[in-house]
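Asker: Structure in structure tokens, see below.
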Amino acid sequence: LVKEFGALVRKIWSPSNFKGQVSPHELLQAAMNASGNRFKIGEQTDPMDFLAWLLNALHTHLGGTKKPGSSIIHRTFQGFVKVTTHTGATGQEPSEDTILESKEIPFLYLTVDVPPAPLFKDALERNIIPQVPLFACLTKFDGQTCQEMMNGDRRQYVITKLPKYLIVHIKRFSKNTQHYIEKNPTIVNFPVRNLEMGLYTQLSEEDKAKGINTKYNLMSSIQHDGAPETGSYRAFLHFPA
């Protein structure tokens, strides 16, 4: 898997490549074998599922361990987020008598939710597609906003260490009560340059002293078009690394 991934990257960026396209067939074949046919050639799957699997598989095949920074994958994409759980919390804000549990966990990508689409239509009987800024989705990581869990607990998230390259997963798909996949069409507007993540981080004194950069430029994006089951994905490269 590592060999075929490296070969594909070298082909894509080779200055002597005279063709306008490169076939990823060898990498897909290796991914199919390494995943135990979880990902198959010709069968569409969620690209986030594939990316998460690919990053972890490359990390493992490169000799990576649970130790932070043990592979180039972790040194490039791994960050840390502090999760504070309020057990027995009721109401909008946790009270002082709730039981607190705080732990720091690693991540290779951040998952953010989008607000539910409105059920009503406009005057012309058209479905209204709302728009929200990315910052509205990132409030999950401001260390103050609470997210209610299925068991009644409430959790707060704040980033404690930012990765060199930040992957943000905008969660659009969910299953309804009939187990059908639904897609949230809400448009998420995001800055192409200078995405400020400082509002969602709680850096250590060491990182503050180093002057760690908290701004990101959009390098690439993946977009889904069409219905949840039959749509297609498009990848865009905005700025080369």
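Just so we're on the same page: first chain in the structure tokens is A, next is B, and so on; residues restart at 1 for each chain, and ligands are numbered from 1 in the order they show up.
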Using only C-alpha atoms, what does the table of stretch 77-189 of chain A residues within 12 Å of stretch 212-228 of chain A look like, with each row giving the shortest atom pair and its distance in Å to one decimal, sorted by chain and ascending number, as a tab-separated table?

Answerer:
residue	atom	partner	partner_atom	distance
A:Ile159	CA	A:Thr214	CA	11.0
A:Thr160	CA	A:Thr214	CA	11.4
A:Lys161	CA	A:Ile212	CA	9.5
A:Leu162	CA	A:Thr214	CA	7.4
A:Pro163	CA	A:Thr214	CA	9.5
A:Lys164	CA	A:Tyr216	CA	9.1
A:Tyr165	CA	A:Tyr216	CA	8.0
A:Leu166	CA	A:Tyr216	CA	7.8
A:Ile167	CA	A:Ser221	CA	9.5
A:Val168	CA	A:Ser221	CA	9.4
A:His169	CA	A:Ile222	CA	9.7
A:Ile170	CA	A:Gln223	CA	10.2
A:Lys171	CA	A:His224	CA	11.4
A:Arg172	CA	A:Pro228	CA	9.4
A:Phe173	CA	A:Pro228	CA	7.5
A:Ser174	CA	A:Pro228	CA	9.7
A:Lys175	CA	A:Pro228	CA	10.7
A:Tyr180	CA	A:Pro228	CA	9.6
A:Ile181	CA	A:Pro228	CA	6.6
A:Glu182	CA	A:Pro228	CA	6.4
A:Lys183	CA	A:Pro228	CA	5.9
A:Asn184	CA	A:Pro228	CA	9.4
A:Pro185	CA	A:Asp225	CA	9.7
A:Ile187	CA	A:Gln223	CA	11.0
A:Val188	CA	A:Gln223	CA	11.2

Asker: With a distance cut-off of 9 Å and only C-alpha atoms, select the neighbouring residues of A:Thr84, excluding the residue or stretch itself and same-chain residues fewer than 2 positions from it, and output the selection as a VMD selection string.

Answerer: chain A and resid 82 86 100 to 104 143 154 to 158

Asker: Residues as selected, all heavy atoms, written as an mmCIF file, in the first residue's frame, can you do that?

Answerer:
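Generated file (again24.cif):
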data_model
loop_
_atom_site.group_PDB
_atom_site.id
_atom_site.type_symbol
_atom_site.label_atom_id
_atom_site.label_comp_id
_atom_site.auth_asym_id
_atom_site.auth_seq_id
_atom_site.Cartn_x
_atom_site.Cartn_y
_atom_site.Cartn_z
ATOM 1 N N LYS A 82 -9.129 18.425 23.701
ATOM 2 C CA LYS A 82 -9.518 18.105 25.076
ATOM 3 C C LYS A 82 -11.033 17.985 25.145
ATOM 4 O O LYS A 82 -11.752 18.903 24.750
ATOM 5 C CB LYS A 82 -9.012 19.176 26.047
ATOM 6 C CG LYS A 82 -9.324 18.840 27.511
ATOM 7 C CD LYS A 82 -8.669 19.811 28.474
ATOM 8 C CE LYS A 82 -9.378 21.148 28.451
ATOM 9 N NZ LYS A 82 -8.873 22.059 29.507
ATOM 10 N N HIS A 86 -19.506 16.302 31.214
ATOM 11 C CA HIS A 86 -20.278 16.649 32.410
ATOM 12 C C HIS A 86 -21.333 15.566 32.597
ATOM 13 O O HIS A 86 -22.316 15.507 31.851
ATOM 14 C CB HIS A 86 -20.942 18.018 32.252
ATOM 15 C CG HIS A 86 -19.966 19.130 32.014
ATOM 16 N ND1 HIS A 86 -19.525 19.966 33.012
ATOM 17 C CD2 HIS A 86 -19.339 19.536 30.867
ATOM 18 C CE1 HIS A 86 -18.676 20.843 32.506
ATOM 19 N NE2 HIS A 86 -18.551 20.600 31.206
ATOM 20 N N LEU A 100 -17.191 15.920 36.556
ATOM 21 C CA LEU A 100 -16.383 16.274 35.401
ATOM 22 C C LEU A 100 -15.378 15.186 35.093
ATOM 23 O O LEU A 100 -14.770 14.602 35.987
ATOM 24 C CB LEU A 100 -15.641 17.588 35.653
ATOM 25 C CG LEU A 100 -16.485 18.853 35.870
ATOM 26 C CD1 LEU A 100 -15.573 20.042 36.085
ATOM 27 C CD2 LEU A 100 -17.390 19.088 34.688
ATOM 28 N N GLU A 101 -15.221 14.935 33.817
ATOM 29 C CA GLU A 101 -14.173 14.026 33.339
ATOM 30 C C GLU A 101 -13.532 14.673 32.123
ATOM 31 O O GLU A 101 -14.203 14.973 31.140
ATOM 32 C CB GLU A 101 -14.754 12.655 32.969
ATOM 33 C CG GLU A 101 -13.691 11.690 32.445
ATOM 34 C CD GLU A 101 -14.285 10.397 31.923
ATOM 35 O OE1 GLU A 101 -15.513 10.233 31.990
ATOM 36 O OE2 GLU A 101 -13.507 9.563 31.421
ATOM 37 N N SER A 102 -12.239 14.898 32.204
ATOM 38 C CA SER A 102 -11.535 15.586 31.125
ATOM 39 C C SER A 102 -10.390 14.720 30.628
ATOM 40 O O SER A 102 -9.623 14.167 31.428
ATOM 41 C CB SER A 102 -10.990 16.935 31.619
ATOM 42 O OG SER A 102 -10.372 17.635 30.561
ATOM 43 N N LYS A 103 -10.300 14.578 29.311
ATOM 44 C CA LYS A 103 -9.201 13.803 28.731
ATOM 45 C C LYS A 103 -8.816 14.404 27.385
ATOM 46 O O LYS A 103 -9.620 15.049 26.707
ATOM 47 C CB LYS A 103 -9.580 12.333 28.567
ATOM 48 C CG LYS A 103 -10.788 12.077 27.690
ATOM 49 C CD LYS A 103 -11.105 10.585 27.636
ATOM 50 C CE LYS A 103 -12.344 10.306 26.780
ATOM 51 N NZ LYS A 103 -12.662 8.869 26.718
ATOM 52 N N GLU A 104 -7.580 14.180 27.020
ATOM 53 C CA GLU A 104 -7.043 14.697 25.766
ATOM 54 C C GLU A 104 -6.897 13.543 24.789
ATOM 55 O O GLU A 104 -6.260 12.535 25.104
ATOM 56 C CB GLU A 104 -5.687 15.369 26.014
ATOM 57 C CG GLU A 104 -5.281 16.360 24.958
ATOM 58 C CD GLU A 104 -4.030 17.141 25.365
ATOM 59 O OE1 GLU A 104 -3.197 16.561 26.079
ATOM 60 O OE2 GLU A 104 -3.890 18.301 24.969
ATOM 61 N N GLY A 143 -14.744 25.357 23.440
ATOM 62 C CA GLY A 143 -14.527 25.084 24.853
ATOM 63 C C GLY A 143 -15.676 25.506 25.740
ATOM 64 O O GLY A 143 -15.638 25.264 26.955
ATOM 65 N N ARG A 154 -23.152 15.825 28.852
ATOM 66 C CA ARG A 154 -22.825 16.959 27.990
ATOM 67 C C ARG A 154 -21.312 17.052 27.861
ATOM 68 O O ARG A 154 -20.580 16.879 28.836
ATOM 69 C CB ARG A 154 -23.399 18.256 28.553
ATOM 70 C CG ARG A 154 -24.918 18.318 28.470
ATOM 71 C CD ARG A 154 -25.468 19.614 29.037
ATOM 72 N NE ARG A 154 -26.911 19.691 28.861
ATOM 73 C CZ ARG A 154 -27.499 20.189 27.786
ATOM 74 N NH1 ARG A 154 -26.772 20.653 26.790
ATOM 75 N NH2 ARG A 154 -28.818 20.234 27.704
ATOM 76 N N ARG A 155 -20.885 17.350 26.637
ATOM 77 C CA ARG A 155 -19.452 17.410 26.368
ATOM 78 C C ARG A 155 -19.061 18.755 25.782
ATOM 79 O O ARG A 155 -19.822 19.354 25.017
ATOM 80 C CB ARG A 155 -19.035 16.286 25.403
ATOM 81 C CG ARG A 155 -19.042 14.908 26.033
ATOM 82 C CD ARG A 155 -18.597 13.839 25.047
ATOM 83 N NE ARG A 155 -18.607 12.518 25.656
ATOM 84 C CZ ARG A 155 -18.350 11.390 25.000
ATOM 85 N NH1 ARG A 155 -18.070 11.438 23.691
ATOM 86 N NH2 ARG A 155 -18.364 10.228 25.619
ATOM 87 N N GLN A 156 -17.858 19.182 26.158
ATOM 88 C CA GLN A 156 -17.269 20.389 25.606
ATOM 89 C C GLN A 156 -15.926 20.021 24.982
ATOM 90 O O GLN A 156 -15.183 19.190 25.514
ATOM 91 C CB GLN A 156 -17.070 21.438 26.712
ATOM 92 C CG GLN A 156 -18.374 21.961 27.302
ATOM 93 C CD GLN A 156 -18.147 22.790 28.550
ATOM 94 O OE1 GLN A 156 -17.433 22.380 29.453
ATOM 95 N NE2 GLN A 156 -18.773 23.961 28.596
ATOM 96 N N TYR A 157 -15.628 20.659 23.850
ATOM 97 C CA TYR A 157 -14.414 20.343 23.110
ATOM 98 C C TYR A 157 -13.579 21.605 22.917
ATOM 99 O O TYR A 157 -14.115 22.689 22.667
ATOM 100 C CB TYR A 157 -14.746 19.766 21.729
ATOM 101 C CG TYR A 157 -15.630 18.540 21.736
ATOM 102 C CD1 TYR A 157 -17.024 18.671 21.781
ATOM 103 C CD2 TYR A 157 -15.100 17.262 21.686
ATOM 104 C CE1 TYR A 157 -17.845 17.555 21.781
ATOM 105 C CE2 TYR A 157 -15.915 16.138 21.677
ATOM 106 C CZ TYR A 157 -17.286 16.289 21.724
ATOM 107 O OH TYR A 157 -18.093 15.188 21.716
ATOM 108 N N VAL A 158 -12.265 21.449 22.997
ATOM 109 C CA VAL A 158 -11.354 22.534 22.655
ATOM 110 C C VAL A 158 -10.055 21.908 22.150
ATOM 111 O O VAL A 158 -9.592 20.890 22.674
ATOM 112 C CB VAL A 158 -11.084 23.454 23.872
ATOM 113 C CG1 VAL A 158 -10.357 22.714 24.995
ATOM 114 C CG2 VAL A 158 -10.308 24.694 23.448
#

Asker: Which residues in stretch 78-204 of chain A does DSSP call helix (DSSP H, G or I)? List them as a list in words.

Answerer: Leu134, Phe135, Ala136, Cys137, Leu138, Thr139, Lys140, Phe141, Gly198, Leu199 and Tyr200 of chain A

Asker: Please produce a file of the residues just selected, as a PDB file, in the first residue's frame, where the atoms kept are all heavy atoms.

Answerer:
ATOM      1  N   LEU A 134     -18.388  28.661   8.070  1.00  0.00           N
ATOM      2  CA  LEU A 134     -17.686  27.550   8.714  1.00  0.00           C
ATOM      3  C   LEU A 134     -17.504  27.814  10.203  1.00  0.00           C
ATOM      4  O   LEU A 134     -17.522  26.890  11.019  1.00  0.00           O
ATOM      5  CB  LEU A 134     -16.332  27.338   8.038  1.00  0.00           C
ATOM      6  CG  LEU A 134     -15.451  26.228   8.612  1.00  0.00           C
ATOM      7  CD1 LEU A 134     -16.141  24.873   8.502  1.00  0.00           C
ATOM      8  CD2 LEU A 134     -14.094  26.191   7.908  1.00  0.00           C
ATOM      9  N   PHE A 135     -17.352  29.093  10.582  1.00  0.00           N
ATOM     10  CA  PHE A 135     -17.139  29.423  11.991  1.00  0.00           C
ATOM     11  C   PHE A 135     -18.327  28.991  12.843  1.00  0.00           C
ATOM     12  O   PHE A 135     -18.163  28.642  14.012  1.00  0.00           O
ATOM     13  CB  PHE A 135     -16.897  30.927  12.136  1.00  0.00           C
ATOM     14  CG  PHE A 135     -15.703  31.417  11.360  1.00  0.00           C
ATOM     15  CD1 PHE A 135     -15.863  32.122  10.179  1.00  0.00           C
ATOM     16  CD2 PHE A 135     -14.420  31.148  11.801  1.00  0.00           C
ATOM     17  CE1 PHE A 135     -14.765  32.558   9.461  1.00  0.00           C
ATOM     18  CE2 PHE A 135     -13.312  31.577  11.090  1.00  0.00           C
ATOM     19  CZ  PHE A 135     -13.484  32.285   9.914  1.00  0.00           C
ATOM     20  N   ALA A 136     -19.543  29.027  12.266  1.00  0.00           N
ATOM     21  CA  ALA A 136     -20.717  28.589  13.015  1.00  0.00           C
ATOM     22  C   ALA A 136     -20.649  27.097  13.322  1.00  0.00           C
ATOM     23  O   ALA A 136     -21.147  26.642  14.359  1.00  0.00           O
ATOM     24  CB  ALA A 136     -21.983  28.915  12.227  1.00  0.00           C
ATOM     25  N   CYS A 137     -20.040  26.331  12.432  1.00  0.00           N
ATOM     26  CA  CYS A 137     -19.891  24.894  12.655  1.00  0.00           C
ATOM     27  C   CYS A 137     -18.757  24.600  13.637  1.00  0.00           C
ATOM     28  O   CYS A 137     -18.799  23.615  14.372  1.00  0.00           O
ATOM     29  CB  CYS A 137     -19.632  24.175  11.334  1.00  0.00           C
ATOM     30  SG  CYS A 137     -20.896  24.415  10.068  1.00  0.00           S
ATOM     31  N   LEU A 138     -17.740  25.466  13.643  1.00  0.00           N
ATOM     32  CA  LEU A 138     -16.576  25.236  14.487  1.00  0.00           C
ATOM     33  C   LEU A 138     -16.799  25.625  15.942  1.00  0.00           C
ATOM     34  O   LEU A 138     -15.939  25.362  16.788  1.00  0.00           O
ATOM     35  CB  LEU A 138     -15.374  26.012  13.940  1.00  0.00           C
ATOM     36  CG  LEU A 138     -14.750  25.475  12.655  1.00  0.00           C
ATOM     37  CD1 LEU A 138     -13.711  26.447  12.112  1.00  0.00           C
ATOM     38  CD2 LEU A 138     -14.107  24.104  12.889  1.00  0.00           C
ATOM     39  N   THR A 139     -17.942  26.265  16.261  1.00  0.00           N
ATOM     40  CA  THR A 139     -18.204  26.636  17.650  1.00  0.00           C
ATOM     41  C   THR A 139     -18.235  25.412  18.566  1.00  0.00           C
ATOM     42  O   THR A 139     -18.100  25.551  19.787  1.00  0.00           O
ATOM     43  CB  THR A 139     -19.543  27.387  17.776  1.00  0.00           C
ATOM     44  OG1 THR A 139     -20.590  26.605  17.169  1.00  0.00           O
ATOM     45  CG2 THR A 139     -19.471  28.741  17.094  1.00  0.00           C
ATOM     46  N   LYS A 140     -18.386  24.241  17.998  1.00  0.00           N
ATOM     47  CA  LYS A 140     -18.322  22.994  18.772  1.00  0.00           C
ATOM     48  C   LYS A 140     -17.010  22.901  19.535  1.00  0.00           C
ATOM     49  O   LYS A 140     -16.948  22.278  20.606  1.00  0.00           O
ATOM     50  CB  LYS A 140     -18.472  21.813  17.809  1.00  0.00           C
ATOM     51  CG  LYS A 140     -18.203  20.436  18.400  1.00  0.00           C
ATOM     52  CD  LYS A 140     -18.305  19.373  17.323  1.00  0.00           C
ATOM     53  CE  LYS A 140     -17.957  17.989  17.844  1.00  0.00           C
ATOM     54  NZ  LYS A 140     -18.048  16.944  16.782  1.00  0.00           N
ATOM     55  N   PHE A 141     -15.952  23.545  19.015  1.00  0.00           N
ATOM     56  CA  PHE A 141     -14.624  23.426  19.611  1.00  0.00           C
ATOM     57  C   PHE A 141     -14.186  24.690  20.346  1.00  0.00           C
ATOM     58  O   PHE A 141     -12.992  24.898  20.550  1.00  0.00           O
ATOM     59  CB  PHE A 141     -13.595  23.086  18.522  1.00  0.00           C
ATOM     60  CG  PHE A 141     -13.850  21.778  17.839  1.00  0.00           C
ATOM     61  CD1 PHE A 141     -14.512  21.734  16.615  1.00  0.00           C
ATOM     62  CD2 PHE A 141     -13.452  20.575  18.408  1.00  0.00           C
ATOM     63  CE1 PHE A 141     -14.763  20.530  15.977  1.00  0.00           C
ATOM     64  CE2 PHE A 141     -13.694  19.370  17.780  1.00  0.00           C
ATOM     65  CZ  PHE A 141     -14.349  19.339  16.564  1.00  0.00           C
ATOM     66  N   GLY A 198      -7.406  30.073  16.077  1.00  0.00           N
ATOM     67  CA  GLY A 198      -7.006  30.444  17.427  1.00  0.00           C
ATOM     68  C   GLY A 198      -8.167  30.522  18.397  1.00  0.00           C
ATOM     69  O   GLY A 198      -7.990  30.321  19.604  1.00  0.00           O
ATOM     70  N   LEU A 199      -9.386  30.815  17.890  1.00  0.00           N
ATOM     71  CA  LEU A 199     -10.556  30.917  18.749  1.00  0.00           C
ATOM     72  C   LEU A 199     -10.991  29.557  19.293  1.00  0.00           C
ATOM     73  O   LEU A 199     -11.774  29.497  20.245  1.00  0.00           O
ATOM     74  CB  LEU A 199     -11.725  31.543  17.975  1.00  0.00           C
ATOM     75  CG  LEU A 199     -11.502  32.962  17.444  1.00  0.00           C
ATOM     76  CD1 LEU A 199     -12.687  33.382  16.578  1.00  0.00           C
ATOM     77  CD2 LEU A 199     -11.309  33.940  18.594  1.00  0.00           C
ATOM     78  N   TYR A 200     -10.485  28.489  18.700  1.00  0.00           N
ATOM     79  CA  TYR A 200     -10.927  27.153  19.072  1.00  0.00           C
ATOM     80  C   TYR A 200      -9.779  26.324  19.657  1.00  0.00           C
ATOM     81  O   TYR A 200      -9.865  25.106  19.715  1.00  0.00           O
ATOM     82  CB  TYR A 200     -11.516  26.440  17.848  1.00  0.00           C
ATOM     83  CG  TYR A 200     -12.427  27.345  17.058  1.00  0.00           C
ATOM     84  CD1 TYR A 200     -12.004  27.933  15.867  1.00  0.00           C
ATOM     85  CD2 TYR A 200     -13.698  27.666  17.528  1.00  0.00           C
ATOM     86  CE1 TYR A 200     -12.827  28.793  15.156  1.00  0.00           C
ATOM     87  CE2 TYR A 200     -14.526  28.524  16.822  1.00  0.00           C
ATOM     88  CZ  TYR A 200     -14.087  29.089  15.643  1.00  0.00           C
ATOM     89  OH  TYR A 200     -14.906  29.948  14.951  1.00  0.00           O
TER      90      TYR A 200
END

Asker: What's around A:Asn56 at 12 Å? Count only C-alpha atoms, leave out sequence neighbours fewer than 2 positions away in its own chain, and write the answer as a PDB file with N, CA, C and O atoms, in the first residue's frame.

Answerer:
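The resulting around.pdb:
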ATOM      1  N   LEU A   1       0.833  -1.203   0.000  1.00  0.00           N
ATOM      2  CA  LEU A   1       0.000   0.000   0.000  1.00  0.00           C
ATOM      3  C   LEU A   1       0.874   1.261   0.000  1.00  0.00           C
ATOM      4  O   LEU A   1       0.631   2.193  -0.765  1.00  0.00           O
ATOM      5  N   VAL A   2       1.866   1.282   0.872  1.00  0.00           N
ATOM      6  CA  VAL A   2       2.762   2.446   0.948  1.00  0.00           C
ATOM      7  C   VAL A   2       3.517   2.623  -0.370  1.00  0.00           C
ATOM      8  O   VAL A   2       3.654   3.752  -0.875  1.00  0.00           O
ATOM      9  N   ALA A  34      -5.610  -4.569   0.977  1.00  0.00           N
ATOM     10  CA  ALA A  34      -5.238  -4.228   2.358  1.00  0.00           C
ATOM     11  C   ALA A  34      -6.462  -4.046   3.247  1.00  0.00           C
ATOM     12  O   ALA A  34      -6.399  -4.280   4.452  1.00  0.00           O
ATOM     13  N   SER A  35      -7.594  -3.635   2.656  1.00  0.00           N
ATOM     14  CA  SER A  35      -8.809  -3.403   3.450  1.00  0.00           C
ATOM     15  C   SER A  35      -9.705  -4.629   3.531  1.00  0.00           C
ATOM     16  O   SER A  35     -10.789  -4.548   4.120  1.00  0.00           O
ATOM     17  N   ASP A  49     -14.690   8.002   4.846  1.00  0.00           N
ATOM     18  CA  ASP A  49     -14.387   6.669   5.369  1.00  0.00           C
ATOM     19  C   ASP A  49     -13.085   6.150   4.773  1.00  0.00           C
ATOM     20  O   ASP A  49     -12.242   5.578   5.475  1.00  0.00           O
ATOM     21  N   PHE A  50     -12.935   6.365   3.460  1.00  0.00           N
ATOM     22  CA  PHE A  50     -11.723   5.886   2.799  1.00  0.00           C
ATOM     23  C   PHE A  50     -10.500   6.656   3.276  1.00  0.00           C
ATOM     24  O   PHE A  50      -9.441   6.067   3.536  1.00  0.00           O
ATOM     25  N   LEU A  51     -10.621   7.986   3.405  1.00  0.00           N
ATOM     26  CA  LEU A  51      -9.475   8.789   3.843  1.00  0.00           C
ATOM     27  C   LEU A  51      -9.049   8.412   5.253  1.00  0.00           C
ATOM     28  O   LEU A  51      -7.853   8.287   5.535  1.00  0.00           O
ATOM     29  N   ALA A  52     -10.029   8.230   6.165  1.00  0.00           N
ATOM     30  CA  ALA A  52      -9.704   7.843   7.535  1.00  0.00           C
ATOM     31  C   ALA A  52      -8.990   6.494   7.555  1.00  0.00           C
ATOM     32  O   ALA A  52      -7.995   6.309   8.267  1.00  0.00           O
ATOM     33  N   TRP A  53      -9.506   5.542   6.759  1.00  0.00           N
ATOM     34  CA  TRP A  53      -8.862   4.232   6.696  1.00  0.00           C
ATOM     35  C   TRP A  53      -7.467   4.346   6.102  1.00  0.00           C
ATOM     36  O   TRP A  53      -6.510   3.753   6.610  1.00  0.00           O
ATOM     37  N   LEU A  54      -7.316   5.115   5.013  1.00  0.00           N
ATOM     38  CA  LEU A  54      -6.037   5.231   4.329  1.00  0.00           C
ATOM     39  C   LEU A  54      -4.975   5.841   5.236  1.00  0.00           C
ATOM     40  O   LEU A  54      -3.835   5.349   5.296  1.00  0.00           O
ATOM     41  N   LEU A  58      -1.750   3.722   6.268  1.00  0.00           N
ATOM     42  CA  LEU A  58      -0.402   4.187   5.946  1.00  0.00           C
ATOM     43  C   LEU A  58       0.429   4.358   7.212  1.00  0.00           C
ATOM     44  O   LEU A  58       1.620   4.025   7.247  1.00  0.00           O
ATOM     45  N   HIS A  59      -0.196   4.893   8.264  1.00  0.00           N
ATOM     46  CA  HIS A  59       0.499   5.067   9.540  1.00  0.00           C
ATOM     47  C   HIS A  59       1.002   3.725  10.064  1.00  0.00           C
ATOM     48  O   HIS A  59       2.164   3.605  10.495  1.00  0.00           O
ATOM     49  N   THR A  60       0.143   2.711  10.021  1.00  0.00           N
ATOM     50  CA  THR A  60       0.524   1.392  10.526  1.00  0.00           C
ATOM     51  C   THR A  60       1.597   0.745   9.664  1.00  0.00           C
ATOM     52  O   THR A  60       2.580   0.195  10.180  1.00  0.00           O
ATOM     53  N   HIS A  61       1.430   0.827   8.336  1.00  0.00           N
ATOM     54  CA  HIS A  61       2.392   0.203   7.432  1.00  0.00           C
ATOM     55  C   HIS A  61       3.750   0.895   7.461  1.00  0.00           C
ATOM     56  O   HIS A  61       4.768   0.292   7.082  1.00  0.00           O
ATOM     57  N   LEU A  62       3.789   2.142   7.894  1.00  0.00           N
ATOM     58  CA  LEU A  62       5.056   2.862   8.018  1.00  0.00           C
ATOM     59  C   LEU A  62       5.717   2.643   9.374  1.00  0.00           C
ATOM     60  O   LEU A  62       6.701   3.312   9.701  1.00  0.00           O
ATOM     61  N   GLY A  63       5.165   1.732  10.151  1.00  0.00           N
ATOM     62  CA  GLY A  63       5.749   1.418  11.454  1.00  0.00           C
ATOM     63  C   GLY A  63       5.266   2.319  12.562  1.00  0.00           C
ATOM     64  O   GLY A  63       5.869   2.350  13.652  1.00  0.00           O
ATOM     65  N   GLY A  64       4.190   3.038  12.328  1.00  0.00           N
ATOM     66  CA  GLY A  64       3.666   3.946  13.336  1.00  0.00           C
ATOM     67  C   GLY A  64       3.034   3.212  14.506  1.00  0.00           C
ATOM     68  O   GLY A  64       2.525   2.103  14.360  1.00  0.00           O
ATOM     69  N   THR A  65       3.082   3.836  15.679  1.00  0.00           N
ATOM     70  CA  THR A  65       2.505   3.272  16.890  1.00  0.00           C
ATOM     71  C   THR A  65       1.524   4.285  17.485  1.00  0.00           C
ATOM     72  O   THR A  65       1.209   5.296  16.859  1.00  0.00           O
ATOM     73  N   LYS A  66       1.062   4.026  18.700  1.00  0.00           N
ATOM     74  CA  LYS A  66       0.173   4.962  19.388  1.00  0.00           C
ATOM     75  C   LYS A  66       0.922   6.193  19.886  1.00  0.00           C
ATOM     76  O   LYS A  66       0.307   7.173  20.296  1.00  0.00           O
ATOM     77  N   SER A  71       5.034   8.495  13.020  1.00  0.00           N
ATOM     78  CA  SER A  71       5.093   8.333  11.565  1.00  0.00           C
ATOM     79  C   SER A  71       4.878   9.694  10.921  1.00  0.00           C
ATOM     80  O   SER A  71       4.418  10.639  11.573  1.00  0.00           O
ATOM     81  N   ILE A  72       5.204   9.781   9.639  1.00  0.00           N
ATOM     82  CA  ILE A  72       5.016  11.046   8.928  1.00  0.00           C
ATOM     83  C   ILE A  72       3.529  11.406   8.841  1.00  0.00           C
ATOM     84  O   ILE A  72       3.171  12.589   8.760  1.00  0.00           O
ATOM     85  N   ILE A  73       2.648  10.412   8.883  1.00  0.00           N
ATOM     86  CA  ILE A  73       1.204  10.681   8.866  1.00  0.00           C
ATOM     87  C   ILE A  73       0.796  11.457  10.117  1.00  0.00           C
ATOM     88  O   ILE A  73       0.102  12.478  10.030  1.00  0.00           O
ATOM     89  N   HIS A  74       1.243  10.988  11.281  1.00  0.00           N
ATOM     90  CA  HIS A  74       0.908  11.675  12.523  1.00  0.00           C
ATOM     91  C   HIS A  74       1.604  13.030  12.619  1.00  0.00           C
ATOM     92  O   HIS A  74       1.021  14.001  13.117  1.00  0.00           O
ATOM     93  N   PHE A  77      -0.664  15.252  10.129  1.00  0.00           N
ATOM     94  CA  PHE A  77      -2.109  15.449  10.274  1.00  0.00           C
ATOM     95  C   PHE A  77      -2.641  15.350  11.705  1.00  0.00           C
ATOM     96  O   PHE A  77      -3.806  15.679  11.936  1.00  0.00           O
ATOM     97  N   GLN A  78      -1.836  14.906  12.647  1.00  0.00           N
ATOM     98  CA  GLN A  78      -2.373  14.647  13.983  1.00  0.00           C
ATOM     99  C   GLN A  78      -2.395  15.898  14.858  1.00  0.00           C
ATOM    100  O   GLN A  78      -1.414  16.635  14.954  1.00  0.00           O
ATOM    101  N   PHE A 107      -6.508  13.346  17.121  1.00  0.00           N
ATOM    102  CA  PHE A 107      -7.393  13.296  15.955  1.00  0.00           C
ATOM    103  C   PHE A 107      -6.560  13.476  14.692  1.00  0.00           C
ATOM    104  O   PHE A 107      -5.510  14.127  14.706  1.00  0.00           O
ATOM    105  N   LEU A 108      -7.037  12.891  13.604  1.00  0.00           N
ATOM    106  CA  LEU A 108      -6.446  13.097  12.284  1.00  0.00           C
ATOM    107  C   LEU A 108      -7.322  14.003  11.437  1.00  0.00           C
ATOM    108  O   LEU A 108      -6.886  14.484  10.400  1.00  0.00           O
ATOM    109  N   TYR A 109      -8.572  14.208  11.865  1.00  0.00           N
ATOM    110  CA  TYR A 109      -9.482  15.130  11.189  1.00  0.00           C
ATOM    111  C   TYR A 109     -10.542  15.571  12.186  1.00  0.00           C
ATOM    112  O   TYR A 109     -10.835  14.864  13.159  1.00  0.00           O
TER     113      TYR A 109
END

Asker: My list of candidates is A:Ile105, A:Leu237, A:Met48, A:Ala7. Which is closest to A:Val83 when distances are computed with only C-alpha atoms?

Answerer: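 Using only C-alpha atoms, the shortest distance to A:Val83 belongs to A:Ile105.
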
Asker: Would you mind writing down, as a PyMOL selection string, each residue of stretch 5-233 of chain A that DSSP on the backbone assigns to strand (DSSP E or B)?

Answerer: chain A and resi 79-87+99-107+110-113+121+127+131-133+142+147-148+154-161+168-171+173-175+181-183+187-189+195-196+201+215-216+220-225+232-233

Asker: Quick one: of A:Lys210, A:Thr230, A:Pro47, A:Glu4, who's nearest to A:Leu28, counting only C-alpha atoms?

Answerer: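 Going through A:Lys210, A:Thr230, A:Pro47, A:Glu4 one by one, the smallest distance to A:Leu28 is for A:Glu4.
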
Asker: Calculated over only C-alpha atoms, which of the candidates A:Thr201, A:Leu55, A:Val132, A:Gly6 has the smallest distance to A:Val81?

Answerer: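 Nearest candidate to A:Val81 out of A:Thr201, A:Leu55, A:Val132, A:Gly6: A:Thr201.
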